[in-house]
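Engineer: Before I ask anything, here is the structure I am working with.
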Number of protein chains: 2
Amino acid sequence: MTDSEGSQRTETLQGPTPAAACDLIARGLDRGAIVTAYGRCTVDYDGRASSRLEAGHRHVMLKPDGAALVHTDEGQQPVNWQPPGCDHEVVREDDALVLESVRSTPNERLRVRFEDVLQVSAFSGSDENDLALVGTEEDLRQRILEEPDLLEAGFTPLATERETPAGAVDIYGEDAADRAVVVELKRRRVGPDAVSQLRRYVDALERDLHADAAVRGVLVAPSVTDRASGLLTEHGLEFVALEPPAE
Amino acid sequence: MTDSEGSQRTETLQGPTPAAACDLIARGLDRGAIVTAYGRCTVDYDGRASSRLEAGHRHVMLKPDGAALVHTDEGQQPVNWQPPGCDHEVVREDDALVLESVRSTPNERLRVRFEDVLQVSAFSGSDENDLALVGTEEDLRQRILEEPDLLEAGFTPLATERETPAGAVDIYGEDAADRAVVVELKRRRVGPDAVSQLRRYVDALERDLHADAAVRGVLVAPSVTDRASGLLTEHGLEFVALEPPAE
DNA sequence: TGTTCCATGTCGGGT
DNA sequence: ACCCGACGTGGAACA
């Protein structure tokens with residue numbers, strides 16, 4: 001069953017024989033299509049870890065960039081997958097259809113063995129558009145750089161991504177009294193990890209400047225958890241409630 | 001085009017009219033099927049952040065648990081998505097077909113507007129099997145509990161998930177000299193964040209025990225980055241190279 | 001390639 | 001619900 005609308009193409013087989021399914025998939029992979037298969041299968045993975053999934057009905061997608069996704073009827077995340085950069089292969093084994101996606105560095109292998117293929121499809125067509133996303137940490141940074149008083153009156157940003165021995169500081173600046181200020185940004189409510197991160201930067205910068213004057217550390221986020229709040233106090237760090245711009 | 005094999009069903013339409021596509025999708029959602037659509041569409045998301053994606057060819061999957069996935073021909077991750085728990089809806093608007101997935105807490109809305117639907121499908125069939133995964137942090141923990149000498153000669157595990165004011169410690173125990181030992185496990189090579197985490201636990205435990213004797217902190221992972229190694233030294237923490245069991 | 005950190009992270013377990 | 005940390009995290013930017 002083929003549909004040809006100019007350069008866009010879709011091919012599908014329902015309840016195909018293994019041979020027919022294998023053929024459609026092979027041709028789909030060959031011409032750089034997105035290939036999907038649905039049916040009863042087992043899934044084996046071996047690489048950074050190892051897994052096995054007993055027989056059940058799943059949806060498999062092979063992308064032309066080498067990514068592979070195995071989805072069940074539940075969950076946002078695939079139950080098994082392979083990152084882009086893999087080589088896809090389709091072979092027949094006895095009465096079964098086997099899809100295999102392999103990569104190196106690290107050596108990883110994903111193997112889906114269909115004992116019953118209910119549908120296979122191949123979709124062609126590229127996507128030249130990028131996602132326009134708003135509300136990220138970068139947007140929050142822009143907001144502060146444009147209006148430093150949002151952090152506190154008299155704050156002056158001096159650098160972004162300033163390097164320290166502990167890593168790059170989101171915003172580095174000075175307060176009204178010319179004290180060094182390290183600002184760590186988070187787009188959402190923060191826990192203990194963000195406080196530790198800020199602490200690393202403050203420690204490193206104090207050492208780096210080997211100044212007597214202490215470096216101030218300010219965490220900027222929509223809100224903090226209790227534990228994180230305690231850690232902030234404990235380490236003499238500060239918090240400013242601020243969200244990424246809404247639009 | 002319907003295929004009925006007992007209780008397993010797949011339905012597919014190629015190059016359907018908006019009305020036919022809408023009908024198939026509505027019935028699919030109704031009976032708890034996985035619904036997919038492929039075609040030229042725009043995608044809008046608004047919630048924790050906001051995004052817009054101009055027209056292009058994408059593959060959309062709606063799951064019966066409320067998850068939604070929009071995939072392009074590249075990348076392991078969907079370009080847009082919605083977590084499980086959403087309500088899916090399909091409506092016709094002018095000549096277009098619109099899929100909408102909405103949830104609350106937080107309020108989020110995903111809207112896919114197809115100006116051209118090349119294929120729609122509905123797949124039924126559940127998956128009662130769980131994934132059997134080996135090589136996780138839990139496996140690494142078991143390995144050490146069964147053979148504590150892997151950490152160091154004379155180590156005695158006393159508790160797992162021991163609570164401290166900073167959170168739960170992976171393994172808590174004593175060394176040959178009866179000194180308290182905090183063990184933090186990572187299944188893969190670690191960076192600065194893991195060192196900070198271990199440090200939080202050691203600090204908290206020292207305070208908790210208000211003992212004079214210092215608490216030892218040991219990071220167990222396959223390897224460490226340079227920066228993390230420096231941080232370990234700086235804070236008097238230790239490292240033991242150990243991997244999760246391979247099988 | 002290796003390191004570091006963000007993410008609409010997602011997911012599971014605990015309180 | 002919120003908190004917390006693991007994840008085969010994935011992905012990008014930078015050295």
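By convention here, the chains of the structure tokens are called A, B, ... in the order presented, each chain's residues are numbered starting at 1, and ligands are numbered starting at 1 in the order presented.
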Considering only C-alpha atoms (C1' of nucleotides), give me a table of residues in chain D that are at most 10 Å from chain A, with the closest atom pair and distance in Å for each, as a tab-separated table.

Structural biologist:
residue	atom	partner	partner_atom	distance
D:DC2	C1'	A:Thr225	CA	9.1
D:DC3	C1'	A:Thr225	CA	7.7
D:DC4	C1'	A:Gly191	CA	8.0
D:DG5	C1'	A:Asp193	CA	9.7
D:DG8	C1'	A:Arg48	CA	5.4
D:DG10	C1'	A:Pro83	CA	8.5

Engineer: Take the selection from the previous step and output its residues with all heavy atoms, as a CSV table (one decimal), in the first residue's frame.

Structural biologist:
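What follows is the written file out-v6.csv:
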chain,number,residue,atom,x,y,z
D,2,DC,P,2.8,20.0,44.8
D,2,DC,OP1,2.5,21.4,45.1
D,2,DC,OP2,3.1,19.5,43.4
D,2,DC,O5',3.9,19.4,45.8
D,2,DC,C5',4.0,20.0,47.1
D,2,DC,C4',5.2,19.4,47.8
D,2,DC,O4',5.0,17.9,47.8
D,2,DC,C3',6.5,19.7,47.1
D,2,DC,O3',7.4,20.1,48.1
D,2,DC,C2',6.9,18.3,46.5
D,2,DC,C1',6.3,17.3,47.4
D,2,DC,N1,6.0,16.0,46.8
D,2,DC,C2,6.5,14.8,47.4
D,2,DC,O2,7.1,14.9,48.5
D,2,DC,N3,6.2,13.7,46.9
D,2,DC,C4,5.5,13.6,45.7
D,2,DC,N4,5.3,12.4,45.2
D,2,DC,C5,5.0,14.8,45.1
D,2,DC,C6,5.3,16.0,45.7
D,3,DC,P,8.9,20.6,47.6
D,3,DC,OP1,9.2,21.7,48.5
D,3,DC,OP2,8.9,20.7,46.2
D,3,DC,O5',9.8,19.3,48.1
D,3,DC,C5',9.6,18.7,49.3
D,3,DC,C4',10.5,17.6,49.6
D,3,DC,O4',10.0,16.4,48.9
D,3,DC,C3',11.9,17.9,49.0
D,3,DC,O3',12.9,17.3,49.9
D,3,DC,C2',11.9,17.0,47.7
D,3,DC,C1',11.0,15.9,48.1
D,3,DC,N1,10.3,15.3,46.9
D,3,DC,C2,10.3,13.9,46.7
D,3,DC,O2,11.0,13.2,47.5
D,3,DC,N3,9.7,13.3,45.7
D,3,DC,C4,9.0,14.1,44.9
D,3,DC,N4,8.3,13.5,43.9
D,3,DC,C5,8.9,15.5,45.0
D,3,DC,C6,9.6,16.0,46.1
D,4,DC,P,14.4,17.8,49.8
D,4,DC,OP1,14.9,17.9,51.1
D,4,DC,OP2,14.5,19.0,48.9
D,4,DC,O5',15.1,16.6,49.0
D,4,DC,C5',15.2,15.3,49.7
D,4,DC,C4',15.5,14.3,48.7
D,4,DC,O4',14.4,14.1,47.8
D,4,DC,C3',16.7,14.6,47.8
D,4,DC,O3',17.8,13.8,48.3
D,4,DC,C2',16.3,14.2,46.4
D,4,DC,C1',14.9,13.5,46.6
D,4,DC,N1,13.9,13.7,45.5
D,4,DC,C2,13.5,12.6,44.8
D,4,DC,O2,13.8,11.5,45.1
D,4,DC,N3,12.6,12.8,43.8
D,4,DC,C4,12.1,14.1,43.5
D,4,DC,N4,11.3,14.2,42.6
D,4,DC,C5,12.6,15.2,44.2
D,4,DC,C6,13.5,15.0,45.2
D,5,DG,P,19.3,14.1,47.7
D,5,DG,OP1,20.2,13.9,48.8
D,5,DG,OP2,19.3,15.4,47.0
D,5,DG,O5',19.5,12.9,46.6
D,5,DG,C5',19.4,11.6,47.0
D,5,DG,C4',19.2,10.7,45.8
D,5,DG,O4',17.9,11.0,45.1
D,5,DG,C3',20.3,10.8,44.7
D,5,DG,O3',20.6,9.5,44.3
D,5,DG,C2',19.6,11.6,43.6
D,5,DG,C1',18.2,11.1,43.7
D,5,DG,N9,17.2,12.0,43.1
D,5,DG,C8,17.1,13.3,43.2
D,5,DG,N7,16.1,13.9,42.6
D,5,DG,C5,15.5,12.8,42.0
D,5,DG,C6,14.4,12.7,41.1
D,5,DG,O6,13.7,13.6,40.7
D,5,DG,N1,14.1,11.4,40.7
D,5,DG,C2,14.8,10.3,41.1
D,5,DG,N2,14.4,9.1,40.7
D,5,DG,N3,15.9,10.3,41.9
D,5,DG,C4,16.1,11.6,42.3
D,8,DG,P,18.6,3.0,33.3
D,8,DG,OP1,17.5,3.0,32.4
D,8,DG,OP2,18.5,2.4,34.6
D,8,DG,O5',19.8,2.3,32.5
D,8,DG,C5',21.1,2.3,33.0
D,8,DG,C4',22.1,2.5,32.0
D,8,DG,O4',21.9,1.7,30.9
D,8,DG,C3',22.0,4.0,31.4
D,8,DG,O3',23.4,4.5,31.2
D,8,DG,C2',21.2,3.8,30.1
D,8,DG,C1',21.6,2.4,29.7
D,8,DG,N9,20.6,1.8,28.9
D,8,DG,C8,19.5,1.2,29.5
D,8,DG,N7,18.6,0.7,28.6
D,8,DG,C5,19.2,1.0,27.4
D,8,DG,C6,18.8,0.7,26.1
D,8,DG,O6,17.8,0.1,25.7
D,8,DG,N1,19.7,1.2,25.1
D,8,DG,C2,20.9,1.9,25.4
D,8,DG,N2,21.6,2.3,24.4
D,8,DG,N3,21.3,2.1,26.7
D,8,DG,C4,20.4,1.7,27.6
D,10,DG,P,21.4,8.1,27.1
D,10,DG,OP1,21.1,6.9,26.3
D,10,DG,OP2,22.7,8.5,27.5
D,10,DG,O5',20.7,9.4,26.3
D,10,DG,C5',19.3,9.4,26.1
D,10,DG,C4',18.9,10.7,25.6
D,10,DG,O4',19.0,11.7,26.7
D,10,DG,C3',19.7,11.3,24.5
D,10,DG,O3',18.9,12.1,23.6
D,10,DG,C2',20.7,12.2,25.2
D,10,DG,C1',20.0,12.7,26.4
D,10,DG,N9,20.8,12.9,27.6
D,10,DG,C8,21.6,12.0,28.2
D,10,DG,N7,22.3,12.5,29.2
D,10,DG,C5,21.9,13.8,29.3
D,10,DG,C6,22.2,14.8,30.1
D,10,DG,O6,23.0,14.8,31.1
D,10,DG,N1,21.6,16.0,29.8
D,10,DG,C2,20.7,16.2,28.8
D,10,DG,N2,20.2,17.4,28.7
D,10,DG,N3,20.4,15.2,28.0
D,10,DG,C4,21.0,14.1,28.2

Engineer: Could you give me, as JSON lines, a per-residue list for chain C showing, wherever an atom lies at most 10 Å from an atom of chain B, the closest pair of atoms and their distance in Å to one decimal, using only C-alpha atoms (C1' of nucleotides) and sorting by chain then residue number from low to high?

Structural biologist:
{"residue": "C:DG2", "atom": "C1'", "partner": "B:Thr225", "partner_atom": "CA", "distance": 9.0}
{"residue": "C:DT3", "atom": "C1'", "partner": "B:Thr225", "partner_atom": "CA", "distance": 7.5}
{"residue": "C:DT4", "atom": "C1'", "partner": "B:Gly191", "partner_atom": "CA", "distance": 7.9}
{"residue": "C:DC5", "atom": "C1'", "partner": "B:Asp193", "partner_atom": "CA", "distance": 9.7}
{"residue": "C:DT8", "atom": "C1'", "partner": "B:Arg48", "partner_atom": "CA", "distance": 5.3}
{"residue": "C:DT10", "atom": "C1'", "partner": "B:Pro83", "partner_atom": "CA", "distance": 8.4}

Engineer: Only N, CA and C atoms (P, O5', C5', C4', C3', O3' and C1' of nucleotides), please: the residues just picked out, written as a short mmCIF file (atom, residue, chain, number, x, y, z; two decimals), in the first residue's frame.

Structural biologist:
data_model
loop_
_atom_site.label_atom_id
_atom_site.label_comp_id
_atom_site.auth_asym_id
_atom_site.auth_seq_id
_atom_site.Cartn_x
_atom_site.Cartn_y
_atom_site.Cartn_z
P DG C 2 36.93 9.55 25.07
"O5'" DG C 2 36.92 10.87 25.98
"C5'" DG C 2 38.14 11.40 26.45
"C4'" DG C 2 37.86 12.59 27.35
"C3'" DG C 2 36.88 12.31 28.50
"O3'" DG C 2 37.43 12.83 29.69
"C1'" DG C 2 36.14 14.18 27.24
P DT C 3 36.67 12.70 31.04
"O5'" DT C 3 36.06 14.16 31.25
"C5'" DT C 3 36.91 15.29 31.08
"C4'" DT C 3 36.18 16.57 31.38
"C3'" DT C 3 35.20 16.51 32.56
"O3'" DT C 3 35.39 17.66 33.36
"C1'" DT C 3 34.08 17.30 30.64
P DT C 4 34.80 17.72 34.84
"O5'" DT C 4 33.55 18.67 34.68
"C5'" DT C 4 33.72 19.94 34.04
"C4'" DT C 4 32.39 20.52 33.64
"C3'" DT C 4 31.27 20.33 34.67
"O3'" DT C 4 30.90 21.59 35.20
"C1'" DT C 4 30.52 19.89 32.44
P DC C 5 29.91 21.73 36.40
"O5'" DC C 5 28.52 21.98 35.67
"C5'" DC C 5 28.38 23.08 34.76
"C4'" DC C 5 27.06 22.99 34.02
"C3'" DC C 5 25.82 22.73 34.90
"O3'" DC C 5 24.79 23.62 34.51
"C1'" DC C 5 25.87 21.21 33.12
P DT C 8 13.73 22.02 28.00
"O5'" DT C 8 12.28 22.51 28.37
"C5'" DT C 8 12.01 23.36 29.47
"C4'" DT C 8 10.87 22.81 30.30
"C3'" DT C 8 11.14 21.42 30.88
"O3'" DT C 8 10.74 21.35 32.23
"C1'" DT C 8 9.17 21.35 29.57
P DT C 10 9.40 15.74 31.87
"O5'" DT C 10 9.65 14.16 31.98
"C5'" DT C 10 10.06 13.45 30.84
"C4'" DT C 10 10.43 12.04 31.24
"C3'" DT C 10 9.36 11.34 32.10
"O3'" DT C 10 9.25 9.99 31.69
"C1'" DT C 10 11.39 11.42 33.30
#

Engineer: Per residue of chain B within 6 Å of chain A, which atom pair is closest and at what distance in Å (one decimal), using only C-alpha atoms, listed by chain and increasing number, as JSON lines?

Structural biologist:
{"residue": "B:Ala49", "atom": "CA", "partner": "A:Gly135", "partner_atom": "CA", "distance": 4.7}
{"residue": "B:Ser50", "atom": "CA", "partner": "A:Val134", "partner_atom": "CA", "distance": 5.2}
{"residue": "B:Ser51", "atom": "CA", "partner": "A:Leu133", "partner_atom": "CA", "distance": 4.2}
{"residue": "B:Arg52", "atom": "CA", "partner": "A:Ala132", "partner_atom": "CA", "distance": 5.2}
{"residue": "B:Leu53", "atom": "CA", "partner": "A:Leu131", "partner_atom": "CA", "distance": 5.0}
{"residue": "B:Gly56", "atom": "CA", "partner": "A:Asp127", "partner_atom": "CA", "distance": 5.1}
{"residue": "B:His57", "atom": "CA", "partner": "A:Asp127", "partner_atom": "CA", "distance": 5.8}
{"residue": "B:Lys63", "atom": "CA", "partner": "A:Asp73", "partner_atom": "CA", "distance": 5.8}
{"residue": "B:Asp65", "atom": "CA", "partner": "A:Glu74", "partner_atom": "CA", "distance": 5.8}
{"residue": "B:Ala67", "atom": "CA", "partner": "A:Gln76", "partner_atom": "CA", "distance": 5.6}
{"residue": "B:Asp73", "atom": "CA", "partner": "A:Lys63", "partner_atom": "CA", "distance": 5.8}
{"residue": "B:Glu74", "atom": "CA", "partner": "A:Asp65", "partner_atom": "CA", "distance": 5.8}
{"residue": "B:Gln76", "atom": "CA", "partner": "A:Ala67", "partner_atom": "CA", "distance": 5.6}
{"residue": "B:Pro83", "atom": "CA", "partner": "A:Gln76", "partner_atom": "CA", "distance": 5.7}
{"residue": "B:Gly125", "atom": "CA", "partner": "A:His57", "partner_atom": "CA", "distance": 5.9}
{"residue": "B:Asp127", "atom": "CA", "partner": "A:Gly56", "partner_atom": "CA", "distance": 5.1}
{"residue": "B:Leu131", "atom": "CA", "partner": "A:Leu53", "partner_atom": "CA", "distance": 5.0}
{"residue": "B:Ala132", "atom": "CA", "partner": "A:Ser51", "partner_atom": "CA", "distance": 5.2}
{"residue": "B:Leu133", "atom": "CA", "partner": "A:Ser51", "partner_atom": "CA", "distance": 4.2}
{"residue": "B:Val134", "atom": "CA", "partner": "A:Ser50", "partner_atom": "CA", "distance": 5.2}
{"residue": "B:Gly135", "atom": "CA", "partner": "A:Ala49", "partner_atom": "CA", "distance": 4.7}

Engineer: Taking only C-alpha atoms into account, which of B:Arg111, B:Pro157, B:Ala20, B:Pro106 comes nearest Arg143 in chain B?

Structural biologist: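 Checking each candidate against Arg143 in chain B, we get B:Pro157 as the closest.
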
Engineer: Tell me, in Å to one decimal, how far CA of Val70 in chain A is from C1' of DA7 in chain C.

Structural biologist: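 Computing the Euclidean distance for CA of Val70 in chain A and C1' of DA7 in chain C yields 21.9 Å.
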
Engineer: Give me every strand (DSSP E) residue in range 75-222 of chain B, going by DSSP on the backbone, as a count of residues only.

Structural biologist: 66

Engineer: Hey, can you check how far CA of Ala221 in chain A sits from CA of Glu161 in chain B?

Structural biologist: 29.0 Å

Engineer: Determine which residues of range 25-188 of chain B DSSP labels as helix (DSSP H, G or I) from the backbone of this structure, then write them out as an MDAnalysis selection string.

Structural biologist: chainID B and resid 25:30 137:146 148:150
